[in-house]
file work_31.txt (compact mmCIF, C-alpha atoms)
# COMPACT_ATOMS: atom_id res chain seq x y z
CA MET J 1 -28.20 -1.07 -26.28
CA ASN J 2 -27.91 -4.64 -25.06
CA VAL J 3 -24.92 -3.70 -22.91
CA LEU J 4 -26.79 -0.70 -21.47
CA ARG J 5 -29.74 -2.93 -20.63
CA ARG J 6 -27.48 -5.37 -18.83
CA ILE J 7 -25.86 -2.57 -16.88
CA LEU J 8 -29.25 -1.21 -15.86
CA ARG J 9 -30.29 -4.68 -14.75
CA GLN J 10 -27.30 -4.77 -12.43
CA LEU J 11 -28.02 -1.33 -10.98
CA PRO J 12 -29.48 -2.68 -7.69
CA LEU J 13 -26.29 -4.70 -7.23
CA TYR J 14 -24.14 -1.62 -7.74
CA LEU J 15 -26.24 0.40 -5.29
CA ALA J 16 -26.11 -2.38 -2.71
CA TRP J 17 -22.32 -2.47 -3.09
CA ILE J 18 -22.06 1.28 -2.51
CA VAL J 19 -24.15 1.05 0.67
CA LEU J 20 -22.19 -1.95 1.99
CA SER J 21 -18.95 -0.24 1.11
CA ALA J 22 -19.93 2.93 2.99
CA ILE J 23 -21.06 0.99 6.06
CA PHE J 24 -17.96 -1.20 6.14
CA TRP J 25 -15.39 1.54 5.72
CA SER J 26 -17.20 3.88 8.12
CA TRP J 27 -16.94 1.12 10.69
CA ILE J 28 -13.25 0.62 9.91
CA PHE J 29 -12.61 4.35 10.28
CA THR J 30 -14.42 4.38 13.60
CA LEU J 31 -12.00 1.70 14.78
CA VAL J 32 -9.01 3.52 13.31
CA THR J 33 -9.90 7.00 14.55
CA ASP J 34 -11.11 6.01 17.99
CA THR J 35 -9.71 4.02 20.88
CA ARG J 36 -10.60 2.87 24.37
CA PRO J 37 -11.14 5.47 27.10
CA GLU J 38 -7.92 4.28 28.77
CA ASN J 39 -5.94 5.52 25.78
CA LYS J 40 -7.66 8.81 24.99
CA VAL J 41 -8.58 12.11 26.58
CA THR J 42 -11.98 13.55 25.62
CA LEU J 43 -12.83 17.22 25.76
CA LEU J 44 -16.43 18.42 25.40
CA VAL J 45 -17.00 22.07 24.54
CA SER J 46 -20.22 24.00 24.89
CA ALA J 47 -19.65 27.08 22.74
CA PRO J 48 -21.30 28.82 19.77
CA ALA J 49 -18.68 27.47 17.39
CA LEU J 50 -15.79 25.04 17.64
CA GLU J 51 -12.96 23.88 15.36
CA ASP J 52 -12.88 20.44 16.92
CA ARG J 53 -10.34 18.69 14.67
CA PRO J 54 -7.77 21.53 14.53
CA LEU J 55 -8.03 21.90 18.32
CA ALA J 56 -7.57 18.15 18.80
CA ALA J 57 -4.58 18.21 16.45
CA ALA J 58 -3.06 21.13 18.40
CA LEU J 59 -3.52 19.32 21.73
CA GLU J 60 -2.08 16.10 20.27
CA GLU J 61 1.22 17.86 19.61
CA GLU J 62 2.06 17.14 23.24
CA LYS J 63 0.29 13.91 24.00
CA PRO J 64 0.80 12.55 27.51
CA GLU J 65 2.40 9.11 27.76
CA GLY J 66 -0.05 6.30 27.21
CA ILE J 67 -2.51 8.52 25.37
CA ARG J 68 -3.03 7.64 21.71
CA MET J 69 -5.45 10.39 20.82
CA ILE J 70 -7.24 13.46 22.08
CA LYS J 71 -10.85 13.83 21.03
CA VAL J 72 -12.63 17.17 20.98
CA HIS J 73 -16.39 17.31 20.50
CA PRO J 74 -19.17 19.84 20.83
CA PHE J 75 -21.77 19.10 23.50
CA SER J 76 -24.21 18.10 20.75
CA TYR J 77 -22.00 15.04 20.10
CA ALA J 78 -23.28 13.50 23.34
CA VAL J 79 -26.88 14.64 23.10
CA PHE J 80 -28.22 11.08 22.48
CA ASP J 81 -25.64 9.27 24.54
CA GLU J 82 -25.48 10.17 28.21
CA GLY J 83 -22.51 7.85 28.66
CA SER J 84 -20.44 9.82 26.17
CA PHE J 85 -21.26 13.00 28.09
CA LEU J 86 -20.62 11.71 31.60
CA ASN J 87 -17.39 9.87 30.73
CA ALA J 88 -15.61 12.82 29.17
CA ASP J 89 -12.37 13.95 30.80
CA LEU J 90 -12.61 17.71 30.37
CA TYR J 91 -15.41 20.18 29.78
CA VAL J 92 -15.45 23.81 28.60
CA VAL J 93 -18.73 25.31 29.74
CA PRO J 94 -20.10 28.87 29.95
CA GLU J 95 -20.71 30.18 33.46
CA SER J 96 -24.49 30.24 32.93
CA LYS J 97 -24.58 26.47 32.36
CA ALA J 98 -22.03 25.35 34.90
CA ALA J 99 -24.54 24.76 37.69
CA GLU J 100 -26.66 22.62 35.38
CA PHE J 101 -23.82 20.15 34.79
CA LEU J 102 -22.10 20.37 38.13
CA ASP J 103 -22.73 16.70 38.96
CA ALA J 104 -20.49 15.74 36.06
CA PHE J 105 -17.51 17.68 37.47
CA VAL J 106 -15.08 17.20 40.31
CA PRO J 107 -13.36 19.83 42.44
CA VAL J 108 -9.95 20.94 41.21
CA ASP J 109 -6.79 22.26 42.77
CA PRO J 110 -6.26 25.47 40.78
CA PRO J 111 -2.88 27.08 40.18
CA PRO J 112 -2.16 30.09 42.36
CA GLY J 113 -3.86 33.26 41.13
CA ALA J 114 -6.17 31.50 38.72
CA ALA J 115 -9.76 32.65 38.49
CA VAL J 116 -12.08 29.81 39.46
CA TYR J 117 -15.71 28.77 39.40
CA ALA J 118 -16.51 27.85 42.98
CA VAL J 119 -19.53 26.35 44.69
CA GLU J 120 -19.73 26.96 48.41
CA GLY J 121 -16.07 27.85 48.41
CA VAL J 122 -15.01 24.67 46.59
CA PRO J 123 -13.29 25.36 43.24
CA TYR J 124 -14.63 23.25 40.38
CA GLY J 125 -13.57 25.11 37.26
CA ILE J 126 -10.68 27.25 36.05
CA ARG J 127 -11.56 30.28 33.92
CA ILE J 128 -10.53 29.77 30.32
CA TYR J 129 -12.22 32.87 28.81
CA THR J 130 -12.83 36.29 30.38
CA ALA J 131 -15.74 38.12 28.74
CA ALA J 132 -14.89 41.52 30.17
CA ALA J 133 -11.43 41.48 28.64
CA GLY J 134 -12.42 39.49 25.59
CA GLU J 135 -9.41 37.27 26.22
CA GLY J 136 -9.02 33.58 26.68
CA ALA J 137 -7.26 30.38 25.73
CA ALA J 138 -7.66 28.53 22.45
CA MET J 139 -9.51 31.43 20.85
CA ASP J 140 -8.27 30.28 17.43
CA TYR J 141 -10.39 27.17 17.92
CA ILE J 142 -13.28 28.10 20.23
CA GLN J 143 -15.69 30.91 19.45
CA TYR J 144 -16.79 31.97 22.93
CA VAL J 145 -19.05 34.86 21.94
CA PRO J 146 -22.11 34.18 19.76
CA ALA J 147 -22.46 36.33 16.65
CA GLY J 148 -24.33 39.46 17.61
CA GLY J 149 -24.64 38.17 21.17
CA ILE J 150 -23.25 39.03 24.58
CA GLY J 151 -20.22 37.15 25.83
CA GLU J 152 -19.81 35.46 29.21
CA ASP J 153 -17.00 33.80 31.11
CA TYR J 154 -16.11 30.21 30.27
CA TYR J 155 -14.60 27.65 32.61
CA LEU J 156 -12.63 24.44 32.19
CA PHE J 157 -13.90 21.57 34.35
CA LEU J 158 -12.60 18.09 35.16
CA GLY J 159 -14.89 15.12 34.56
CA ALA J 160 -16.05 13.17 37.62
CA ASN J 161 -15.71 9.88 35.74
CA SER J 162 -12.44 10.70 34.05
CA LEU J 163 -9.84 7.93 34.11
CA HIS J 164 -7.11 10.46 33.58
CA ALA J 165 -7.64 12.78 36.54
CA GLY J 166 -5.85 10.64 39.09
CA LYS J 167 -7.65 7.29 38.78
CA LYS J 168 -5.32 5.84 36.16
CA ASP J 169 -3.02 8.73 35.37
CA PHE J 170 -2.97 12.52 35.22
CA ALA J 171 -3.21 12.85 31.45
CA ALA J 172 -6.39 14.95 31.64
CA LEU J 173 -4.60 17.49 33.84
CA MET J 174 -1.71 17.67 31.39
CA VAL J 175 -4.07 18.24 28.49
CA ALA J 176 -5.91 20.88 30.51
CA GLU J 177 -2.63 22.72 31.11
CA LYS J 178 -1.83 22.54 27.40
CA LEU J 179 -5.32 23.84 26.54
CA LEU J 180 -4.96 26.79 28.91
CA ARG J 181 -1.66 27.72 27.21
CA LEU J 182 -3.12 27.63 23.68
CA GLU J 183 -3.81 30.92 21.96
CA MET M 1 -14.59 -34.98 -32.41
CA GLY M 2 -17.51 -37.30 -31.42
CA ASN M 3 -19.40 -39.84 -33.46
CA ILE M 4 -20.89 -38.98 -36.79
CA ARG M 5 -24.05 -40.81 -37.54
CA ARG M 6 -26.76 -40.45 -40.10
CA CYS M 7 -29.69 -38.24 -39.42
CA PRO M 8 -33.00 -40.16 -39.80
CA CYS M 9 -34.28 -37.77 -42.45
CA GLN M 10 -31.65 -38.48 -45.17
CA GLY M 11 -28.28 -40.07 -45.77
CA MET M 12 -25.29 -38.01 -46.61
CA ASN M 13 -21.78 -39.17 -46.74
CA PRO M 14 -19.26 -37.55 -44.44
CA CYS M 15 -17.54 -34.50 -45.74
CA TYR M 16 -14.67 -35.58 -47.84
CA ASN M 17 -16.65 -34.99 -50.98
CA ARG M 18 -14.92 -32.86 -53.48
CA GLY M 19 -16.31 -29.45 -54.09
CA MET M 20 -17.43 -28.97 -50.53
CA ARG M 21 -16.23 -26.20 -48.29
CA ARG M 22 -16.25 -27.09 -44.59
CA ILE M 23 -16.89 -24.39 -42.02
CA GLU M 24 -15.97 -25.61 -38.56
CA LEU M 25 -17.52 -23.28 -36.00
CA TYR M 26 -15.58 -24.65 -33.04
CA THR M 27 -11.93 -25.68 -32.85
CA ALA M 28 -9.56 -26.92 -30.20
CA GLU M 29 -7.33 -23.92 -30.80
CA GLU M 30 -10.23 -21.64 -30.07
CA LEU M 31 -10.89 -23.50 -26.81
CA ALA M 32 -7.25 -23.18 -25.78
CA LEU M 33 -7.35 -19.49 -26.60
CA LEU M 34 -10.49 -19.01 -24.56
CA ARG M 35 -8.98 -20.88 -21.63
CA ARG M 36 -5.86 -18.70 -21.68
CA LYS M 37 -7.94 -15.55 -22.02
CA ASN M 38 -10.15 -16.53 -19.10
CA GLN M 39 -7.18 -17.30 -16.91
CA ARG M 40 -5.67 -13.93 -17.80
CA ASN M 41 -8.93 -12.10 -17.09
CA THR M 42 -9.39 -13.86 -13.77
CA LEU M 43 -5.87 -12.90 -12.72
CA LEU M 44 -6.46 -9.38 -13.91
CA LEU M 45 -9.65 -9.14 -11.86
CA ALA M 46 -7.98 -10.57 -8.77
CA GLY M 47 -5.08 -8.15 -9.18
CA PHE M 48 -7.41 -5.20 -9.63
CA CYS M 49 -9.45 -6.10 -6.53
CA LEU M 50 -6.27 -6.48 -4.52
CA ALA M 51 -5.02 -3.10 -5.73
CA VAL M 52 -8.28 -1.42 -4.72
CA LEU M 53 -8.18 -3.09 -1.31
CA LEU M 54 -4.57 -2.04 -0.78
CA GLY M 55 -5.46 1.49 -1.79
CA CYS M 56 -8.27 1.59 0.74
CA VAL M 57 -6.07 0.18 3.47
CA LEU M 58 -3.39 2.76 2.65
CA LEU M 59 -5.91 5.59 2.86
CA ALA M 60 -7.21 4.29 6.19
CA ALA M 61 -3.67 3.92 7.51
CA THR M 62 -2.84 7.54 6.64
CA ALA M 63 -5.94 8.93 8.38
CA GLY M 64 -5.10 11.37 11.14
CA THR M 65 -7.01 13.70 13.41
CA LEU M 66 -7.21 16.44 10.82
CA ASN M 67 -7.81 14.47 7.67
CA ALA M 68 -9.92 11.54 8.90
CA PRO M 69 -13.23 12.65 7.32
CA GLN M 70 -11.49 13.36 4.02
CA ARG M 71 -9.71 10.00 4.05
CA GLU M 72 -12.93 8.24 4.93
CA GLY M 73 -14.69 9.86 1.97
CA GLU M 74 -11.82 8.96 -0.37
CA THR M 75 -11.79 5.38 0.86
CA ILE M 76 -15.51 4.93 0.38
CA LEU M 77 -15.25 6.47 -3.08
CA LEU M 78 -12.36 4.20 -4.08
CA SER M 79 -14.04 1.13 -2.68
CA SER M 80 -17.36 1.92 -4.36
CA ALA M 81 -15.91 2.76 -7.76
CA GLY M 82 -13.46 -0.15 -7.65
CA GLY M 83 -16.16 -2.58 -6.63
CA ILE M 84 -18.50 -1.46 -9.39
CA ALA M 85 -15.72 -1.74 -11.96
CA ALA M 86 -14.86 -5.22 -10.68
CA ILE M 87 -18.49 -6.35 -10.84
CA ALA M 88 -18.84 -5.00 -14.37
CA PHE M 89 -15.58 -6.61 -15.51
CA TYR M 90 -16.62 -9.93 -13.98
CA THR M 91 -20.01 -9.74 -15.69
CA PHE M 92 -18.88 -8.68 -19.15
CA ALA M 93 -15.49 -10.35 -19.37
CA VAL M 94 -14.85 -13.12 -16.87
CA SER M 95 -18.32 -14.62 -16.64
CA GLU M 96 -18.95 -14.29 -20.38
CA GLY M 97 -15.59 -15.83 -21.13
CA ARG M 98 -16.27 -18.80 -18.87
CA ARG M 99 -19.64 -19.37 -20.52
CA ALA M 100 -18.05 -19.21 -23.95
CA GLU M 101 -15.38 -21.70 -22.87
CA GLU M 102 -17.95 -24.06 -21.39
CA HIS M 103 -20.08 -23.89 -24.51
CA THR M 104 -17.10 -24.42 -26.83
CA ARG M 105 -15.97 -27.45 -24.80
CA HIS M 106 -19.48 -28.86 -24.95
CA MET M 107 -19.60 -28.38 -28.71
CA LEU M 108 -16.20 -30.04 -29.24
CA GLU M 109 -16.89 -33.00 -26.96
CA GLY M 110 -20.53 -33.56 -27.81
CA GLU M 111 -21.97 -36.16 -30.14
CA ARG M 112 -22.67 -34.77 -33.61
CA THR M 113 -25.54 -35.49 -35.92
CA ARG M 114 -25.65 -34.58 -39.62
CA CYS M 115 -28.50 -33.07 -41.51
CA ARG M 116 -28.95 -31.56 -44.93
CA GLY M 117 -31.15 -28.64 -45.66
CA GLN M 118 -31.39 -24.89 -45.73
CA ILE M 119 -31.03 -22.56 -42.80
CA SER M 120 -32.32 -19.07 -42.34
CA LEU M 121 -32.15 -16.59 -39.51
CA THR M 122 -35.45 -16.07 -37.73
CA GLY M 123 -34.32 -12.79 -36.19
CA GLU M 124 -34.98 -14.24 -32.76
CA ARG M 125 -32.25 -13.81 -30.15
CA VAL M 126 -32.36 -15.63 -26.84
CA ALA M 127 -30.26 -15.35 -23.70
CA VAL M 128 -30.02 -18.67 -21.91
CA PRO M 129 -29.92 -17.95 -18.13
CA GLY M 130 -26.44 -18.62 -16.80
CA SER M 131 -25.20 -19.43 -20.27
CA ILE M 132 -24.62 -17.96 -23.69
CA ARG M 133 -26.76 -15.81 -25.95
CA LEU M 134 -27.83 -17.35 -29.22
CA TYR M 135 -29.65 -16.84 -32.48
CA ARG M 136 -32.52 -19.06 -33.48
CA LEU M 137 -32.29 -20.49 -36.98
CA LEU M 138 -34.94 -22.22 -38.99
CA LEU M 139 -33.71 -25.43 -40.56
CA GLU M 140 -35.71 -26.74 -43.52
CA GLU M 141 -34.54 -30.27 -44.12
CA GLU M 142 -34.67 -31.93 -47.51
CA GLY M 143 -37.53 -34.15 -46.42
CA GLY M 144 -39.60 -31.03 -45.81
CA LYS M 145 -39.31 -31.16 -42.06
CA LYS M 146 -38.73 -27.87 -40.32
CA ARG M 147 -37.14 -27.35 -36.97
CA ARG M 148 -35.34 -24.74 -34.97
CA VAL M 149 -31.64 -24.91 -34.35
CA ASN M 150 -29.48 -22.60 -32.26
CA LEU M 151 -26.41 -20.63 -33.24
CA TYR M 152 -24.05 -19.15 -30.65
CA GLU M 153 -24.31 -15.41 -31.26
CA LYS M 154 -20.54 -15.01 -31.60
CA LYS M 155 -20.60 -17.44 -34.56
CA ARG M 156 -23.07 -15.36 -36.54
CA LYS M 157 -20.43 -13.91 -38.82
CA ALA M 158 -19.10 -17.40 -39.64
CA LEU M 159 -22.32 -18.28 -41.44
CA PRO M 160 -21.77 -18.34 -45.18
CA GLU M 161 -23.45 -15.89 -47.50
CA GLU M 162 -24.85 -18.73 -49.61
CA THR M 163 -28.47 -19.62 -48.94
CA GLY M 164 -28.71 -22.90 -50.81
CA PRO M 165 -28.84 -26.40 -49.34
CA MET M 166 -25.94 -27.33 -47.15
CA THR M 167 -24.93 -30.10 -44.80
CA MET M 168 -24.97 -29.27 -41.13
CA GLU M 169 -23.49 -30.91 -38.07
CA LEU M 170 -25.34 -30.37 -34.83
CA VAL M 171 -24.54 -31.03 -31.21
CA GLY M 172 -27.94 -31.27 -29.65
CA SER M 173 -29.79 -28.33 -31.16
CA TYR M 174 -26.65 -26.24 -31.67
CA LEU M 175 -25.03 -25.74 -35.04
CA ALA M 176 -21.44 -26.98 -34.90
CA ALA M 177 -20.24 -27.12 -38.51
CA LEU M 178 -21.38 -26.53 -42.08
CA GLU M 179 -20.47 -28.01 -45.43
CA VAL M 180 -21.22 -25.77 -48.35
CA GLU M 181 -20.98 -26.73 -51.98
CA GLU M 182 -18.42 -24.68 -53.82
call {"tool": "encode", "arguments": {"input": "work_31.txt", "output": "structure tokens"}}
result
Amino acid sequence: MNVLRRILRQLPLYLAWIVLSAIFWSWIFTLVTDTRPENKVTLLVSAPALEDRPLAAALEEEKPEGIRMIKVHPFSYAVFDEGSFLNADLYVVPESKAAEFLDAFVPVDPPPGAAVYAVEGVPYGIRIYTAAAGEGAAMDYIQYVPAGGIGEDYYLFLGANSLHAGKKDFAALMVAEKLLRLE
Amino acid sequence: MGNIRRCPCQGMNPCYNRGMRRIELYTAEELALLRRKNQRNTLLLAGFCLAVLLGCVLLAATAGTLNAPQREGETILLSSAGGIAAIAFYTFAVSEGRRAEEHTRHMLEGERTRCRGQISLTGERVAVPGSIRLYRLLLEEEGGKKRRVNLYEKKRKALPEETGPMTMELVGSYLAALEVEE
């Protein structure tokens, strides 16, 4: 009884330890699982559902030189942080939303024969999912069609602030090519 | 063992009287044992904390893209459980052991006074903050004077069954030794 009473008296200490522990190790894991923008490629996806970690792991199988990690996030990841949104390297966006975010993208030089999203004749995005055919890239990871909803075309865009689209290197373009080849 | 002097209330010769059984509550061997035990417990605690830390570092080091959330959860769980266990072990073993050692050293090195009378347990138990837990005894001296003395709770079982008059040695208000007539 005496021992139980002493344990109960220490309960606030135990709870404080748990909280400190969680905060400390979460911080450590943020350091371990993230890196500077110079060493990573970030892909933001606006889709009904997304397997972000498996997709990131699949893209990391062929990491460009100098890139330590590839991060994949849904658009909701950057909802409170405009910087996170604007500094991403690649975007997968449905056609209906492309115009809304156009300022965040840069024109691309598409491969011959590729279907593109163009504004005034300038290609910005490369089609990654065709609704009419129900076919696209990375369909094991990205659910393009909402449940019970109507599908639309999706496009892959290059970030205007990306360090890896020619500013520092071309890693974003290499990851984009890998993404377009994924099933 | 400290000076033995007469208590103002009566005069009793030191205990080499025949027919007296001496119960020494504190010994140098006991102090040495406590010291060794405390050193061992401290090392054990340090080793345990190091093992938990290494385990957490290992889990963090093996975190990858796919398993990072799982590893993070495991690390937090290990750190939390290990920390709680370490705190509990420190409280109930290390800290208690150090207090016992400190008290035993104080009792062995302190100046002793002798009194004769009868002692009885009051049933009162007190925890001294930052120190040991003790029983309060009522000492009725042969002159009729009554006062409270303290008994380290771990020495409770060393008290003799006899209830008659006995000679006591005290360090401050703590009972250090007893002489019981056989």
call {"tool": "atom_distance", "arguments": {"input": "work_31.txt", "atom1": "CA of Leu59 in chain J", "atom2": "CA of Ile150 in chain J"}}
result
28.0 Å
call {"tool": "interface_residues", "arguments": {"input": "work_31.txt", "of": "chain J", "to": "chain M", "cutoff": "9 Å", "atoms": "only C-alpha atoms", "output": "NGL selection string"}}
result
:J and (3 or 7 or 10 or 13-15 or 17-26 or 28-29 or 32-33 or 53-54 or 56-57 or 60 or 69-71)
call {"tool": "atom_distance", "arguments": {"input": "work_31.txt", "atom1": "CA of Leu55 in chain J", "atom2": "CA of Leu179 in chain J"}}
result
8.9 Å
call {"tool": "closest_residue", "arguments": {"input": "work_31.txt", "among": "M:Asn150, M:Gln70, M:Ser95, M:Thr27", "to": "Val171 in chain M", "atoms": "only C-alpha atoms"}}
result
M:Asn150
call {"tool": "atom_distance", "arguments": {"input": "work_31.txt", "atom1": "CA of Ala49 in chain J", "atom2": "CA of Val108 in chain J"}}
result
26.2 Å
call {"tool": "residues_around", "arguments": {"input": "work_31.txt", "residues": "range 110-122 of chain J", "least_positions_apart": "6", "cutoff": "9 Å", "atoms": "all atoms listed in the file", "output": "ChimeraX atom specification"}}
result
/J:95,98-99,128,155-157
call {"tool": "residues_around", "arguments": {"input": "work_31.txt", "residues": "Glu38 in chain J", "least_positions_apart": "2", "cutoff": "10 Å", "atoms": "all atoms listed in the file", "output": "number ranges by chain"}}
result
J: 35-36, 40-41, 66-68, 162-164, 168-169
call {"tool": "write_last_selection", "arguments": {"input": "work_31.txt", "atoms": "C-alpha atoms", "output": "mmCIF file, keeping the file's coordinate frame"}}
result
data_model
loop_
_atom_site.group_PDB
_atom_site.id
_atom_site.type_symbol
_atom_site.label_atom_id
_atom_site.label_comp_id
_atom_site.auth_asym_id
_atom_site.auth_seq_id
_atom_site.Cartn_x
_atom_site.Cartn_y
_atom_site.Cartn_z
ATOM 1 C CA THR J 35 -9.710 4.020 20.880
ATOM 2 C CA ARG J 36 -10.600 2.870 24.370
ATOM 3 C CA LYS J 40 -7.660 8.810 24.990
ATOM 4 C CA VAL J 41 -8.580 12.110 26.580
ATOM 5 C CA GLY J 66 -0.050 6.300 27.210
ATOM 6 C CA ILE J 67 -2.510 8.520 25.370
ATOM 7 C CA ARG J 68 -3.030 7.640 21.710
ATOM 8 C CA SER J 162 -12.440 10.700 34.050
ATOM 9 C CA LEU J 163 -9.840 7.930 34.110
ATOM 10 C CA HIS J 164 -7.110 10.460 33.580
ATOM 11 C CA LYS J 168 -5.320 5.840 36.160
ATOM 12 C CA ASP J 169 -3.020 8.730 35.370
#
call {"tool": "closest_residue", "arguments": {"input": "work_31.txt", "among": "M:Gln39, M:Ser131, M:Ser120, M:Ser173", "to": "Arg99 in chain M", "atoms": "all atoms listed in the file"}}
result
M:Ser131
call {"tool": "closest_residue", "arguments": {"input": "work_31.txt", "among": "M:Pro129, M:Gly55, M:Ala176, M:Glu182", "to": "Thr113 in chain M", "atoms": "only C-alpha atoms"}}
result
M:Ala176
call {"tool": "residues_around", "arguments": {"input": "work_31.txt", "residues": "Leu138 in chain M", "least_positions_apart": "6", "cutoff": "8 Å", "atoms": "only C-alpha atoms", "output": "PyMOL selection string"}}
result
chain M and resi 119-122+146-149
call {"tool": "write_last_selection", "arguments": {"input": "work_31.txt", "atoms": "C-alpha atoms", "output": "PDB file, in the frame of the given file"}}
result
ATOM      1  CA  ILE M 119     -31.030 -22.560 -42.800  1.00  0.00           C
ATOM      2  CA  SER M 120     -32.320 -19.070 -42.340  1.00  0.00           C
ATOM      3  CA  LEU M 121     -32.150 -16.590 -39.510  1.00  0.00           C
ATOM      4  CA  THR M 122     -35.450 -16.070 -37.730  1.00  0.00           C
ATOM      5  CA  LYS M 146     -38.730 -27.870 -40.320  1.00  0.00           C
ATOM      6  CA  ARG M 147     -37.140 -27.350 -36.970  1.00  0.00           C
ATOM      7  CA  ARG M 148     -35.340 -24.740 -34.970  1.00  0.00           C
ATOM      8  CA  VAL M 149     -31.640 -24.910 -34.350  1.00  0.00           C
TER       9      VAL M 149
END
call {"tool": "closest_residue", "arguments": {"input": "work_31.txt", "among": "M:Glu96, M:Glu181, M:Glu142, M:Glu169", "to": "Ala127 in chain M", "atoms": "only C-alpha atoms"}}
result
M:Glu96
call {"tool": "closest_residue", "arguments": {"input": "work_31.txt", "among": "M:Ala86, M:Gly143, M:Ala28, M:His103", "to": "Leu43 in chain M", "atoms": "only C-alpha atoms"}}
result
M:Ala86
call {"tool": "build_atoms", "arguments": {"input": "work_31.txt", "residues": "range 23-41 of chain J", "atoms": "N, CA and C atoms", "output": "PDB file, in the coordinates of the input"}}
result
ATOM      1  N   ILE J  23     -20.880   1.486   4.686  1.00  0.00           N
ATOM      2  CA  ILE J  23     -21.060   0.990   6.060  1.00  0.00           C
ATOM      3  C   ILE J  23     -19.777   0.358   6.563  1.00  0.00           C
ATOM      4  N   PHE J  24     -19.165  -0.484   5.721  1.00  0.00           N
ATOM      5  CA  PHE J  24     -17.960  -1.200   6.140  1.00  0.00           C
ATOM      6  C   PHE J  24     -16.821  -0.251   6.446  1.00  0.00           C
ATOM      7  N   TRP J  25     -16.543   0.662   5.515  1.00  0.00           N
ATOM      8  CA  TRP J  25     -15.390   1.540   5.720  1.00  0.00           C
ATOM      9  C   TRP J  25     -15.645   2.587   6.799  1.00  0.00           C
ATOM     10  N   SER J  26     -16.895   2.980   6.999  1.00  0.00           N
ATOM     11  CA  SER J  26     -17.200   3.880   8.120  1.00  0.00           C
ATOM     12  C   SER J  26     -16.891   3.185   9.440  1.00  0.00           C
ATOM     13  N   TRP J  27     -17.238   1.906   9.496  1.00  0.00           N
ATOM     14  CA  TRP J  27     -16.940   1.120  10.690  1.00  0.00           C
ATOM     15  C   TRP J  27     -15.430   1.003  10.911  1.00  0.00           C
ATOM     16  N   ILE J  28     -14.713   0.731   9.815  1.00  0.00           N
ATOM     17  CA  ILE J  28     -13.250   0.620   9.910  1.00  0.00           C
ATOM     18  C   ILE J  28     -12.660   1.935  10.418  1.00  0.00           C
ATOM     19  N   PHE J  29     -13.160   3.053   9.873  1.00  0.00           N
ATOM     20  CA  PHE J  29     -12.610   4.350  10.280  1.00  0.00           C
ATOM     21  C   PHE J  29     -12.955   4.676  11.725  1.00  0.00           C
ATOM     22  N   THR J  30     -14.092   4.192  12.182  1.00  0.00           N
ATOM     23  CA  THR J  30     -14.420   4.380  13.600  1.00  0.00           C
ATOM     24  C   THR J  30     -13.390   3.642  14.459  1.00  0.00           C
ATOM     25  N   LEU J  31     -13.013   2.450  14.032  1.00  0.00           N
ATOM     26  CA  LEU J  31     -12.000   1.700  14.780  1.00  0.00           C
ATOM     27  C   LEU J  31     -10.644   2.398  14.715  1.00  0.00           C
ATOM     28  N   VAL J  32     -10.323   2.908  13.514  1.00  0.00           N
ATOM     29  CA  VAL J  32      -9.010   3.520  13.310  1.00  0.00           C
ATOM     30  C   VAL J  32      -8.896   4.856  14.026  1.00  0.00           C
ATOM     31  N   THR J  33      -9.969   5.639  14.020  1.00  0.00           N
ATOM     32  CA  THR J  33      -9.900   7.000  14.550  1.00  0.00           C
ATOM     33  C   THR J  33     -10.414   7.091  15.989  1.00  0.00           C
ATOM     34  N   ASP J  34     -10.687   5.962  16.593  1.00  0.00           N
ATOM     35  CA  ASP J  34     -11.110   6.010  17.990  1.00  0.00           C
ATOM     36  C   ASP J  34     -10.360   4.916  18.759  1.00  0.00           C
ATOM     37  N   THR J  35     -10.389   5.016  20.062  1.00  0.00           N
ATOM     38  CA  THR J  35      -9.710   4.020  20.880  1.00  0.00           C
ATOM     39  C   THR J  35     -10.416   3.919  22.228  1.00  0.00           C
ATOM     40  N   ARG J  36      -9.936   3.049  23.089  1.00  0.00           N
ATOM     41  CA  ARG J  36     -10.600   2.870  24.370  1.00  0.00           C
ATOM     42  C   ARG J  36     -10.382   4.084  25.249  1.00  0.00           C
ATOM     43  N   PRO J  37     -11.289   4.302  26.209  1.00  0.00           N
ATOM     44  CA  PRO J  37     -11.140   5.470  27.100  1.00  0.00           C
ATOM     45  C   PRO J  37      -9.795   5.499  27.829  1.00  0.00           C
ATOM     46  N   GLU J  38      -9.208   4.318  28.065  1.00  0.00           N
ATOM     47  CA  GLU J  38      -7.920   4.280  28.770  1.00  0.00           C
ATOM     48  C   GLU J  38      -6.804   4.944  27.975  1.00  0.00           C
ATOM     49  N   ASN J  39      -7.005   5.010  26.654  1.00  0.00           N
ATOM     50  CA  ASN J  39      -5.940   5.520  25.780  1.00  0.00           C
ATOM     51  C   ASN J  39      -6.259   6.865  25.150  1.00  0.00           C
ATOM     52  N   LYS J  40      -7.339   7.514  25.588  1.00  0.00           N
ATOM     53  CA  LYS J  40      -7.660   8.810  24.990  1.00  0.00           C
ATOM     54  C   LYS J  40      -8.151   9.770  26.057  1.00  0.00           C
ATOM     55  N   VAL J  41      -8.021  11.051  25.750  1.00  0.00           N
ATOM     56  CA  VAL J  41      -8.580  12.110  26.580  1.00  0.00           C
ATOM     57  C   VAL J  41      -9.658  12.812  25.760  1.00  0.00           C
TER      58      VAL J  41
END
